[in-house]
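Dumped query-v3.cif below, it's mmCIF, N, CA and C atoms:
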data_my_file
loop_
_atom_site.label_atom_id
_atom_site.label_comp_id
_atom_site.auth_asym_id
_atom_site.auth_seq_id
_atom_site.Cartn_x
_atom_site.Cartn_y
_atom_site.Cartn_z
N MET D 1 27.33 58.70 9.01
CA MET D 1 27.20 57.51 9.83
C MET D 1 25.99 56.69 9.41
N ASN D 2 24.86 57.37 9.16
CA ASN D 2 23.64 56.68 8.74
C ASN D 2 23.83 55.96 7.42
N GLN D 3 24.56 56.58 6.49
CA GLN D 3 24.83 55.95 5.19
C GLN D 3 25.69 54.70 5.36
N LYS D 4 26.61 54.76 6.31
CA LYS D 4 27.49 53.61 6.57
C LYS D 4 26.67 52.42 7.09
N ILE D 5 25.75 52.69 8.00
CA ILE D 5 24.88 51.64 8.54
C ILE D 5 23.98 51.08 7.44
N ASN D 6 23.43 51.96 6.61
CA ASN D 6 22.58 51.52 5.49
C ASN D 6 23.38 50.65 4.53
N GLY D 7 24.62 51.03 4.25
CA GLY D 7 25.47 50.25 3.36
C GLY D 7 25.74 48.86 3.91
N VAL D 8 26.03 48.77 5.20
CA VAL D 8 26.28 47.47 5.83
C VAL D 8 25.01 46.63 5.81
N LEU D 9 23.87 47.24 6.08
CA LEU D 9 22.59 46.54 6.07
C LEU D 9 22.27 46.01 4.67
N ILE D 10 22.49 46.83 3.67
CA ILE D 10 22.23 46.40 2.28
C ILE D 10 23.16 45.24 1.91
N ALA D 11 24.43 45.34 2.28
CA ALA D 11 25.39 44.26 1.99
C ALA D 11 24.97 42.96 2.67
N ALA D 12 24.50 43.05 3.91
CA ALA D 12 24.06 41.86 4.64
C ALA D 12 22.83 41.25 3.97
N LEU D 13 21.91 42.09 3.52
CA LEU D 13 20.71 41.59 2.84
C LEU D 13 21.07 40.91 1.52
N ILE D 14 21.99 41.48 0.78
CA ILE D 14 22.43 40.88 -0.48
C ILE D 14 23.07 39.52 -0.22
N MET D 15 23.90 39.44 0.80
CA MET D 15 24.55 38.15 1.13
C MET D 15 23.50 37.11 1.53
N ALA D 16 22.51 37.49 2.31
CA ALA D 16 21.45 36.56 2.71
C ALA D 16 20.66 36.10 1.50
N PHE D 17 20.37 37.03 0.58
CA PHE D 17 19.64 36.70 -0.63
C PHE D 17 20.43 35.72 -1.49
N LEU D 18 21.70 35.99 -1.69
CA LEU D 18 22.54 35.11 -2.51
C LEU D 18 22.66 33.73 -1.88
N ASN D 19 22.79 33.67 -0.57
CA ASN D 19 22.86 32.39 0.12
C ASN D 19 21.54 31.63 -0.07
N GLY D 20 20.41 32.32 0.03
CA GLY D 20 19.11 31.70 -0.19
C GLY D 20 18.95 31.19 -1.60
N CYS D 21 19.44 31.94 -2.57
CA CYS D 21 19.35 31.51 -3.97
C CYS D 21 20.15 30.24 -4.21
N SER D 22 21.36 30.18 -3.66
CA SER D 22 22.17 28.97 -3.87
C SER D 22 21.53 27.78 -3.18
N GLU D 23 20.90 28.00 -2.03
CA GLU D 23 20.22 26.90 -1.34
C GLU D 23 19.02 26.41 -2.15
N LEU D 24 18.32 27.33 -2.80
CA LEU D 24 17.17 26.94 -3.60
C LEU D 24 17.59 26.06 -4.78
N THR D 25 18.74 26.31 -5.36
CA THR D 25 19.18 25.51 -6.51
C THR D 25 19.65 24.13 -6.11
N THR D 26 20.09 23.96 -4.87
CA THR D 26 20.56 22.64 -4.42
C THR D 26 19.50 21.88 -3.63
N ALA D 27 18.39 22.53 -3.33
CA ALA D 27 17.37 21.93 -2.46
C ALA D 27 16.70 20.71 -3.09
N LYS D 28 16.27 20.84 -4.34
CA LYS D 28 15.56 19.72 -4.97
C LYS D 28 16.47 18.50 -5.12
N PRO D 29 17.71 18.65 -5.62
CA PRO D 29 18.59 17.46 -5.68
C PRO D 29 18.83 16.83 -4.31
N ALA D 30 18.96 17.65 -3.28
CA ALA D 30 19.16 17.11 -1.93
C ALA D 30 17.93 16.31 -1.49
N ALA D 31 16.74 16.83 -1.78
CA ALA D 31 15.51 16.13 -1.41
C ALA D 31 15.34 14.85 -2.22
N GLU D 32 15.67 14.89 -3.52
CA GLU D 32 15.59 13.68 -4.35
C GLU D 32 16.51 12.59 -3.80
N SER D 33 17.70 12.98 -3.40
CA SER D 33 18.64 12.03 -2.81
C SER D 33 18.10 11.47 -1.50
N ALA D 34 17.45 12.33 -0.72
CA ALA D 34 16.85 11.88 0.55
C ALA D 34 15.73 10.88 0.32
N VAL D 35 14.93 11.07 -0.75
CA VAL D 35 13.87 10.10 -1.08
C VAL D 35 14.50 8.76 -1.44
N ASN D 36 15.57 8.79 -2.22
CA ASN D 36 16.26 7.53 -2.56
C ASN D 36 16.76 6.82 -1.31
N SER D 37 17.33 7.57 -0.38
CA SER D 37 17.79 6.98 0.88
C SER D 37 16.63 6.44 1.69
N PHE D 38 15.52 7.19 1.72
CA PHE D 38 14.30 6.75 2.42
C PHE D 38 13.87 5.39 1.87
N HIS D 39 13.81 5.27 0.54
CA HIS D 39 13.36 4.02 -0.06
C HIS D 39 14.35 2.88 0.18
N GLU D 40 15.65 3.16 0.18
CA GLU D 40 16.63 2.11 0.48
C GLU D 40 16.46 1.60 1.91
N MET D 41 16.30 2.52 2.85
CA MET D 41 16.10 2.12 4.25
C MET D 41 14.76 1.41 4.42
N TYR D 42 13.73 1.89 3.73
CA TYR D 42 12.41 1.25 3.77
C TYR D 42 12.52 -0.19 3.27
N ASN D 43 13.19 -0.40 2.14
CA ASN D 43 13.33 -1.76 1.59
C ASN D 43 14.12 -2.67 2.52
N SER D 44 14.98 -2.10 3.34
CA SER D 44 15.75 -2.87 4.32
C SER D 44 15.03 -2.98 5.66
N VAL D 45 13.82 -2.44 5.73
CA VAL D 45 13.01 -2.39 6.96
C VAL D 45 13.82 -1.73 8.08
N ASP D 46 14.55 -0.69 7.73
CA ASP D 46 15.36 0.07 8.68
C ASP D 46 14.62 1.37 9.02
N PHE D 47 13.48 1.22 9.66
CA PHE D 47 12.63 2.35 9.96
C PHE D 47 13.25 3.27 11.02
N GLU D 48 14.10 2.71 11.88
CA GLU D 48 14.78 3.54 12.88
C GLU D 48 15.68 4.56 12.22
N SER D 49 16.39 4.16 11.17
CA SER D 49 17.28 5.10 10.47
C SER D 49 16.48 6.17 9.73
N ILE D 50 15.34 5.78 9.17
CA ILE D 50 14.48 6.78 8.52
C ILE D 50 14.07 7.82 9.56
N TYR D 51 13.61 7.36 10.71
CA TYR D 51 13.16 8.27 11.76
C TYR D 51 14.31 9.14 12.27
N ALA D 52 15.49 8.56 12.38
CA ALA D 52 16.65 9.32 12.85
C ALA D 52 17.02 10.45 11.89
N ASP D 53 16.69 10.30 10.60
CA ASP D 53 17.00 11.32 9.59
C ASP D 53 15.92 12.38 9.45
N THR D 54 14.93 12.37 10.33
CA THR D 54 13.85 13.36 10.23
C THR D 54 14.23 14.65 10.96
N HIS D 55 13.51 15.69 10.63
CA HIS D 55 13.69 17.00 11.27
C HIS D 55 13.11 16.96 12.68
N ASN D 56 13.60 17.81 13.55
CA ASN D 56 13.07 17.89 14.92
C ASN D 56 11.57 18.14 14.94
N ASP D 57 11.07 18.94 13.98
CA ASP D 57 9.62 19.21 13.91
C ASP D 57 8.83 17.93 13.64
N PHE D 58 9.37 17.04 12.84
CA PHE D 58 8.71 15.75 12.55
C PHE D 58 8.65 14.92 13.83
N ARG D 59 9.79 14.83 14.53
CA ARG D 59 9.84 14.03 15.76
C ARG D 59 8.97 14.62 16.87
N ALA D 60 8.77 15.94 16.83
CA ALA D 60 7.88 16.57 17.81
C ALA D 60 6.41 16.24 17.51
N ALA D 61 6.11 16.00 16.22
CA ALA D 61 4.73 15.74 15.81
C ALA D 61 4.34 14.27 15.96
N THR D 62 5.30 13.36 15.82
CA THR D 62 4.98 11.93 15.92
C THR D 62 6.16 11.19 16.54
N ASN D 63 5.83 10.17 17.31
CA ASN D 63 6.91 9.37 17.92
C ASN D 63 7.30 8.21 17.00
N PHE D 64 8.40 7.58 17.33
CA PHE D 64 8.91 6.50 16.48
C PHE D 64 7.90 5.36 16.36
N GLU D 65 7.24 5.01 17.44
CA GLU D 65 6.31 3.87 17.42
C GLU D 65 5.19 4.09 16.41
N SER D 66 4.61 5.28 16.41
CA SER D 66 3.53 5.58 15.47
C SER D 66 4.01 5.57 14.03
N PHE D 67 5.16 6.19 13.79
CA PHE D 67 5.71 6.23 12.44
C PHE D 67 6.08 4.83 11.97
N SER D 68 6.67 4.06 12.85
CA SER D 68 7.05 2.69 12.52
C SER D 68 5.83 1.83 12.21
N GLU D 69 4.74 2.01 12.95
CA GLU D 69 3.50 1.27 12.67
C GLU D 69 3.00 1.56 11.26
N LEU D 70 3.05 2.83 10.86
CA LEU D 70 2.63 3.21 9.52
C LEU D 70 3.50 2.51 8.47
N LEU D 71 4.81 2.61 8.62
CA LEU D 71 5.71 2.01 7.63
C LEU D 71 5.59 0.49 7.61
N HIS D 72 5.41 -0.14 8.77
CA HIS D 72 5.21 -1.59 8.81
C HIS D 72 3.92 -1.99 8.08
N ALA D 73 2.87 -1.20 8.26
CA ALA D 73 1.60 -1.49 7.56
C ALA D 73 1.78 -1.38 6.05
N VAL D 74 2.46 -0.33 5.60
CA VAL D 74 2.71 -0.16 4.17
C VAL D 74 3.55 -1.32 3.65
N TYR D 75 4.60 -1.66 4.37
CA TYR D 75 5.51 -2.73 3.94
C TYR D 75 4.80 -4.08 3.90
N SER D 76 3.98 -4.37 4.92
CA SER D 76 3.31 -5.68 4.96
C SER D 76 2.27 -5.83 3.86
N LYS D 77 1.65 -4.74 3.44
CA LYS D 77 0.62 -4.83 2.39
C LYS D 77 1.18 -4.60 0.99
N LEU D 78 2.07 -3.62 0.84
CA LEU D 78 2.54 -3.27 -0.49
C LEU D 78 3.91 -3.86 -0.83
N GLY D 79 4.69 -4.19 0.19
CA GLY D 79 6.02 -4.77 -0.06
C GLY D 79 7.06 -3.72 -0.36
N LYS D 80 8.13 -4.17 -0.98
CA LYS D 80 9.27 -3.30 -1.27
C LYS D 80 8.96 -2.33 -2.41
N VAL D 81 9.70 -1.23 -2.42
CA VAL D 81 9.62 -0.26 -3.51
C VAL D 81 10.35 -0.85 -4.71
N ILE D 82 9.67 -0.85 -5.85
CA ILE D 82 10.27 -1.32 -7.11
C ILE D 82 10.80 -0.14 -7.91
N SER D 83 9.99 0.91 -8.04
CA SER D 83 10.40 2.10 -8.79
C SER D 83 9.56 3.28 -8.34
N THR D 84 10.04 4.46 -8.67
CA THR D 84 9.30 5.67 -8.33
C THR D 84 9.54 6.72 -9.40
N GLU D 85 8.52 7.50 -9.67
CA GLU D 85 8.66 8.58 -10.65
C GLU D 85 8.02 9.84 -10.10
N GLY D 86 8.63 10.97 -10.44
CA GLY D 86 8.13 12.25 -9.97
C GLY D 86 6.78 12.61 -10.58
N GLN D 87 5.90 13.12 -9.76
CA GLN D 87 4.59 13.60 -10.21
C GLN D 87 4.48 15.12 -10.09
N ASN D 88 5.07 15.65 -9.03
CA ASN D 88 4.95 17.07 -8.75
C ASN D 88 6.07 17.46 -7.79
N TRP D 89 6.48 18.71 -7.83
CA TRP D 89 7.47 19.20 -6.88
C TRP D 89 7.37 20.71 -6.74
N LYS D 90 7.88 21.20 -5.60
CA LYS D 90 7.89 22.63 -5.36
C LYS D 90 8.99 22.92 -4.35
N VAL D 91 9.74 23.96 -4.61
CA VAL D 91 10.76 24.44 -3.67
C VAL D 91 10.38 25.86 -3.28
N GLY D 92 10.44 26.14 -1.99
CA GLY D 92 10.11 27.48 -1.53
C GLY D 92 10.96 27.88 -0.35
N ASN D 93 11.09 29.17 -0.18
CA ASN D 93 11.83 29.70 0.95
C ASN D 93 10.90 30.64 1.69
N TYR D 94 10.52 30.28 2.89
CA TYR D 94 9.61 31.06 3.71
C TYR D 94 10.27 31.33 5.05
N ASN D 95 10.33 32.59 5.42
CA ASN D 95 10.97 32.98 6.68
C ASN D 95 12.40 32.45 6.78
N LEU D 96 13.11 32.53 5.67
CA LEU D 96 14.50 32.09 5.57
C LEU D 96 14.68 30.59 5.82
N LYS D 97 13.62 29.82 5.60
CA LYS D 97 13.68 28.36 5.72
C LYS D 97 13.29 27.77 4.37
N THR D 98 14.17 26.95 3.81
CA THR D 98 13.91 26.34 2.51
C THR D 98 13.22 25.00 2.71
N SER D 99 12.11 24.82 2.01
CA SER D 99 11.35 23.58 2.07
C SER D 99 11.17 23.02 0.67
N VAL D 100 11.10 21.70 0.58
CA VAL D 100 10.91 21.02 -0.69
C VAL D 100 9.74 20.05 -0.54
N PHE D 101 8.82 20.11 -1.48
CA PHE D 101 7.67 19.21 -1.55
C PHE D 101 7.89 18.34 -2.79
N LEU D 102 7.89 17.03 -2.61
CA LEU D 102 8.01 16.08 -3.72
C LEU D 102 6.86 15.10 -3.66
N GLN D 103 6.20 14.91 -4.79
CA GLN D 103 5.14 13.92 -4.89
C GLN D 103 5.61 12.86 -5.89
N LYS D 104 5.58 11.59 -5.45
CA LYS D 104 6.10 10.50 -6.25
C LYS D 104 5.05 9.41 -6.44
N LYS D 105 4.93 8.94 -7.67
CA LYS D 105 4.12 7.76 -7.94
C LYS D 105 5.07 6.57 -7.78
N THR D 106 4.78 5.74 -6.80
CA THR D 106 5.69 4.66 -6.44
C THR D 106 5.07 3.30 -6.71
N GLN D 107 5.81 2.48 -7.43
CA GLN D 107 5.41 1.10 -7.69
C GLN D 107 6.05 0.21 -6.63
N PHE D 108 5.20 -0.47 -5.88
CA PHE D 108 5.65 -1.43 -4.88
C PHE D 108 5.49 -2.83 -5.45
N GLU D 109 5.96 -3.83 -4.75
CA GLU D 109 5.81 -5.21 -5.19
C GLU D 109 4.34 -5.60 -5.37
N ASN D 110 3.47 -5.10 -4.47
CA ASN D 110 2.07 -5.53 -4.46
C ASN D 110 1.08 -4.41 -4.70
N GLY D 111 1.50 -3.36 -5.36
CA GLY D 111 0.57 -2.27 -5.63
C GLY D 111 1.29 -0.98 -5.93
N VAL D 112 0.50 0.07 -5.98
CA VAL D 112 1.02 1.39 -6.31
C VAL D 112 0.51 2.40 -5.29
N GLY D 113 1.28 3.46 -5.09
CA GLY D 113 0.86 4.52 -4.19
C GLY D 113 1.46 5.85 -4.60
N VAL D 114 0.85 6.92 -4.16
CA VAL D 114 1.40 8.25 -4.37
C VAL D 114 1.94 8.72 -3.01
N GLU D 115 3.25 8.88 -2.98
CA GLU D 115 3.91 9.31 -1.75
C GLU D 115 4.18 10.81 -1.84
N THR D 116 3.97 11.48 -0.72
CA THR D 116 4.27 12.90 -0.61
C THR D 116 5.34 13.07 0.46
N PHE D 117 6.43 13.70 0.07
CA PHE D 117 7.56 13.96 0.97
C PHE D 117 7.70 15.47 1.12
N ASN D 118 7.83 15.93 2.34
CA ASN D 118 8.14 17.33 2.62
C ASN D 118 9.47 17.36 3.37
N TYR D 119 10.40 18.12 2.84
CA TYR D 119 11.72 18.22 3.44
C TYR D 119 12.04 19.67 3.79
N ARG D 120 12.79 19.86 4.86
CA ARG D 120 13.37 21.14 5.21
C ARG D 120 14.86 21.01 4.95
N ILE D 121 15.43 22.01 4.30
CA ILE D 121 16.86 22.00 4.01
C ILE D 121 17.59 22.76 5.12
N GLU D 122 18.51 22.07 5.77
CA GLU D 122 19.34 22.69 6.80
C GLU D 122 20.77 22.22 6.60
N ASN D 123 21.67 23.18 6.50
CA ASN D 123 23.09 22.87 6.27
C ASN D 123 23.27 21.96 5.06
N GLU D 124 22.52 22.28 4.00
CA GLU D 124 22.58 21.56 2.73
C GLU D 124 22.10 20.11 2.81
N LYS D 125 21.42 19.76 3.90
CA LYS D 125 20.88 18.41 4.06
C LYS D 125 19.36 18.48 4.10
N ALA D 126 18.71 17.54 3.41
CA ALA D 126 17.25 17.46 3.41
C ALA D 126 16.80 16.61 4.60
N LEU D 127 15.99 17.21 5.46
CA LEU D 127 15.46 16.51 6.63
C LEU D 127 13.94 16.41 6.48
N LEU D 128 13.43 15.21 6.63
CA LEU D 128 12.00 14.95 6.46
C LEU D 128 11.19 15.67 7.53
N ILE D 129 10.19 16.45 7.06
CA ILE D 129 9.27 17.10 8.01
C ILE D 129 7.84 16.61 7.82
N GLY D 130 7.60 15.83 6.74
CA GLY D 130 6.26 15.30 6.53
C GLY D 130 6.28 14.17 5.51
N TYR D 131 5.47 13.14 5.77
CA TYR D 131 5.35 12.01 4.85
C TYR D 131 3.90 11.57 4.81
N ASN D 132 3.42 11.28 3.61
CA ASN D 132 2.06 10.79 3.43
C ASN D 132 2.05 9.82 2.26
N ILE D 133 1.18 8.82 2.33
CA ILE D 133 1.00 7.92 1.20
C ILE D 133 -0.49 7.74 0.96
N ASN D 134 -0.88 7.84 -0.30
CA ASN D 134 -2.24 7.55 -0.73
C ASN D 134 -2.17 6.35 -1.65
N SER D 135 -2.92 5.31 -1.29
CA SER D 135 -2.88 4.10 -2.07
C SER D 135 -4.16 3.30 -1.89
N ARG D 136 -4.87 3.10 -2.97
CA ARG D 136 -6.05 2.24 -2.94
C ARG D 136 -5.63 0.82 -2.57
N ASP D 137 -4.50 0.37 -3.14
CA ASP D 137 -4.01 -0.98 -2.88
C ASP D 137 -3.70 -1.20 -1.40
N LEU D 138 -3.27 -0.16 -0.73
CA LEU D 138 -2.98 -0.26 0.71
C LEU D 138 -4.25 -0.52 1.51
N ILE D 139 -5.34 0.02 1.05
CA ILE D 139 -6.61 -0.11 1.78
C ILE D 139 -7.32 -1.42 1.46
N VAL D 140 -7.38 -1.82 0.20
CA VAL D 140 -8.20 -2.96 -0.19
C VAL D 140 -7.49 -4.31 -0.09
N GLN D 141 -6.20 -4.31 0.08
CA GLN D 141 -5.48 -5.60 0.17
C GLN D 141 -5.43 -6.10 1.59
#

Would you encode the structure as structure tokens?
Amino acid sequence: MNQKINGVLIAALIMAFLNGCSELTTAKPAAESAVNSFHEMYNSVDFESIYADTHNDFRAATNFESFSELLHAVYSKLGKVISTEGQNWKVGNYNLKTSVFLQKKTQFENGVGVETFNYRIENEKALLIGYNINSRDLIVQ
């Protein structure tokens, strides 16, 4: 009986591991696609849709008004996104939760900034859990 329980437990662990591995391979492309969507909505000044696509943890940490103020400030000073290129990335699985960190050097109409996106992957969808922008142009303009 004990061997039967051990066998079932081992099979369950293997299935969880394989599921985690497949999620890790699809996590970065899902997050890259989410960044593209973020920038499309940003360029359309559709900050409500960006906020609606965030993870519950993001919405618990900041309300729409605060997040919208940040994006409006970035948009009013730097303008639309022209292009973006990857600077750094990391995918990790901690406590059976897959997270993706993407750092992008982004060229805006009126300057440049380094954006940091943190996503949590749930049901194969990347949900924003953190956003930051560092930009000298944002401060001095």

| task | Go through D:Asp137, D:His72, D:Ile129, D:Ser33 one by one, measure the shortest atom-to-atom distance of each to Asn56 of chain D using only N, CA and C atoms, and give the residue with the smallest value. | result |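 Residue with the minimum atom-to-atom distance to Asn56 of chain D: D:Ile129.
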
| field | Which of D:Ile139, D:Val100, D:Ile82, D:Met41 sits closest to Phe117 of chain D [using all atoms listed in the file] | value |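 Of the candidates, the smallest distance to Phe117 of chain D is held by D:Val100.
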
Could you pull the residues within 7 Å of Ala34 of chain D, counting all atoms listed in the file, minus those fewer than 5 positions along the same chain, as a compact mmCIF listing (two decimals) with N, CA and C atoms, keeping the file's coordinate frame?
# COMPACT_ATOMS: atom_id res chain seq x y z
N PRO D 29 17.71 18.65 -5.62
CA PRO D 29 18.59 17.46 -5.68
C PRO D 29 18.83 16.83 -4.31
N HIS D 39 13.81 5.27 0.54
CA HIS D 39 13.36 4.02 -0.06
C HIS D 39 14.35 2.88 0.18
N ALA D 126 18.71 17.54 3.41
CA ALA D 126 17.25 17.46 3.41
C ALA D 126 16.80 16.61 4.60

| request: For the structure provided, state which residues fall under the PyMOL selection byres ((chain D and resi 88) around 7), and present them as JSON, numbers by chain. | output: {"D": [85, 86, 87, 89, 90, 101, 102, 103, 104, 105]}

| request: Quote the spacing between atom CA of Gln107 of chain D and atom CA of Glu122 of chain D in Å to one decimal place. | output: 29.5 Å

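Our summary of the geometry notes that atom C of Ala52 of chain D is positioned 11.7 Å from atom C of Phe38 of chain D.
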
Excluding Val112 of chain D and residues on its chain fewer than 6 positions from it, collect all residues at most 10 Å away from it, counting only C-alpha atoms, and give them as a PDB file with N, CA and C atoms, in the coordinates of the input.
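In the end it all went to selection_23.pdb:
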ATOM      1  N   LEU D  78       2.070  -3.620   0.840  1.00  0.00           N
ATOM      2  CA  LEU D  78       2.540  -3.270  -0.490  1.00  0.00           C
ATOM      3  C   LEU D  78       3.910  -3.860  -0.830  1.00  0.00           C
ATOM      4  N   VAL D  81       9.700  -1.230  -2.420  1.00  0.00           N
ATOM      5  CA  VAL D  81       9.620  -0.260  -3.510  1.00  0.00           C
ATOM      6  C   VAL D  81      10.350  -0.850  -4.710  1.00  0.00           C
ATOM      7  N   ILE D  82       9.670  -0.850  -5.850  1.00  0.00           N
ATOM      8  CA  ILE D  82      10.270  -1.320  -7.110  1.00  0.00           C
ATOM      9  C   ILE D  82      10.800  -0.140  -7.910  1.00  0.00           C
ATOM     10  N   SER D  83       9.990   0.910  -8.040  1.00  0.00           N
ATOM     11  CA  SER D  83      10.400   2.100  -8.790  1.00  0.00           C
ATOM     12  C   SER D  83       9.560   3.280  -8.340  1.00  0.00           C
ATOM     13  N   THR D  84      10.040   4.460  -8.670  1.00  0.00           N
ATOM     14  CA  THR D  84       9.300   5.670  -8.330  1.00  0.00           C
ATOM     15  C   THR D  84       9.540   6.720  -9.400  1.00  0.00           C
ATOM     16  N   LYS D 105       4.930   8.940  -7.670  1.00  0.00           N
ATOM     17  CA  LYS D 105       4.120   7.760  -7.940  1.00  0.00           C
ATOM     18  C   LYS D 105       5.070   6.570  -7.780  1.00  0.00           C
ATOM     19  N   THR D 106       4.780   5.740  -6.800  1.00  0.00           N
ATOM     20  CA  THR D 106       5.690   4.660  -6.440  1.00  0.00           C
ATOM     21  C   THR D 106       5.070   3.300  -6.710  1.00  0.00           C
ATOM     22  N   ILE D 133       1.180   8.820   2.330  1.00  0.00           N
ATOM     23  CA  ILE D 133       1.000   7.920   1.200  1.00  0.00           C
ATOM     24  C   ILE D 133      -0.490   7.740   0.960  1.00  0.00           C
ATOM     25  N   ASN D 134      -0.880   7.840  -0.300  1.00  0.00           N
ATOM     26  CA  ASN D 134      -2.240   7.550  -0.730  1.00  0.00           C
ATOM     27  C   ASN D 134      -2.170   6.350  -1.650  1.00  0.00           C
ATOM     28  N   SER D 135      -2.920   5.310  -1.290  1.00  0.00           N
ATOM     29  CA  SER D 135      -2.880   4.100  -2.070  1.00  0.00           C
ATOM     30  C   SER D 135      -4.160   3.300  -1.890  1.00  0.00           C
ATOM     31  N   ARG D 136      -4.870   3.100  -2.970  1.00  0.00           N
ATOM     32  CA  ARG D 136      -6.050   2.240  -2.940  1.00  0.00           C
ATOM     33  C   ARG D 136      -5.630   0.820  -2.570  1.00  0.00           C
ATOM     34  N   ASP D 137      -4.500   0.370  -3.140  1.00  0.00           N
ATOM     35  CA  ASP D 137      -4.010  -0.980  -2.880  1.00  0.00           C
ATOM     36  C   ASP D 137      -3.700  -1.200  -1.400  1.00  0.00           C
ATOM     37  N   LEU D 138      -3.270  -0.160  -0.730  1.00  0.00           N
ATOM     38  CA  LEU D 138      -2.980  -0.260   0.710  1.00  0.00           C
ATOM     39  C   LEU D 138      -4.250  -0.520   1.510  1.00  0.00           C
TER      40      LEU D 138
END

| message | To test your reading of the structure, identify every residue in segment 2-126 of chain D that backbone DSSP assigns to alpha helix (DSSP H), and report it as a PyMOL selection string. | response | chain D and resi 2-43+47-52+56-61+64-78

I'd like the box whose edges run along x, y and z of the file and which contains every listed atom of segment 29-38 of chain D, padded by 8 Å per side; could you state its centre and edge lengths in Å, one decimal, as lines of an AutoDock Vina configuration file?
center_x = 16.5
center_y = 12.0
center_z = -1.6
size_x = 21.3
size_y = 29.3
size_z = 24.1

| request: Let me know the residues the PyMOL selection byres ((chain D and resi 58) around 8) catches in the file above, as a list in words. | output: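 Output from the PyMOL selection byres ((chain D and resi 58) around 8), applied to this file: Thr54, His55, Asn56, Asp57, Arg59, Ala60, Ala61, Thr62, Asn63, Leu127, Leu128, Ile129, Gly130 and Tyr131 of chain D.
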
| query | Just how far from atom N of Asp53 of chain D is atom C of Thr26 of chain D, in Å to one decimal? | reply | 18.6 Å
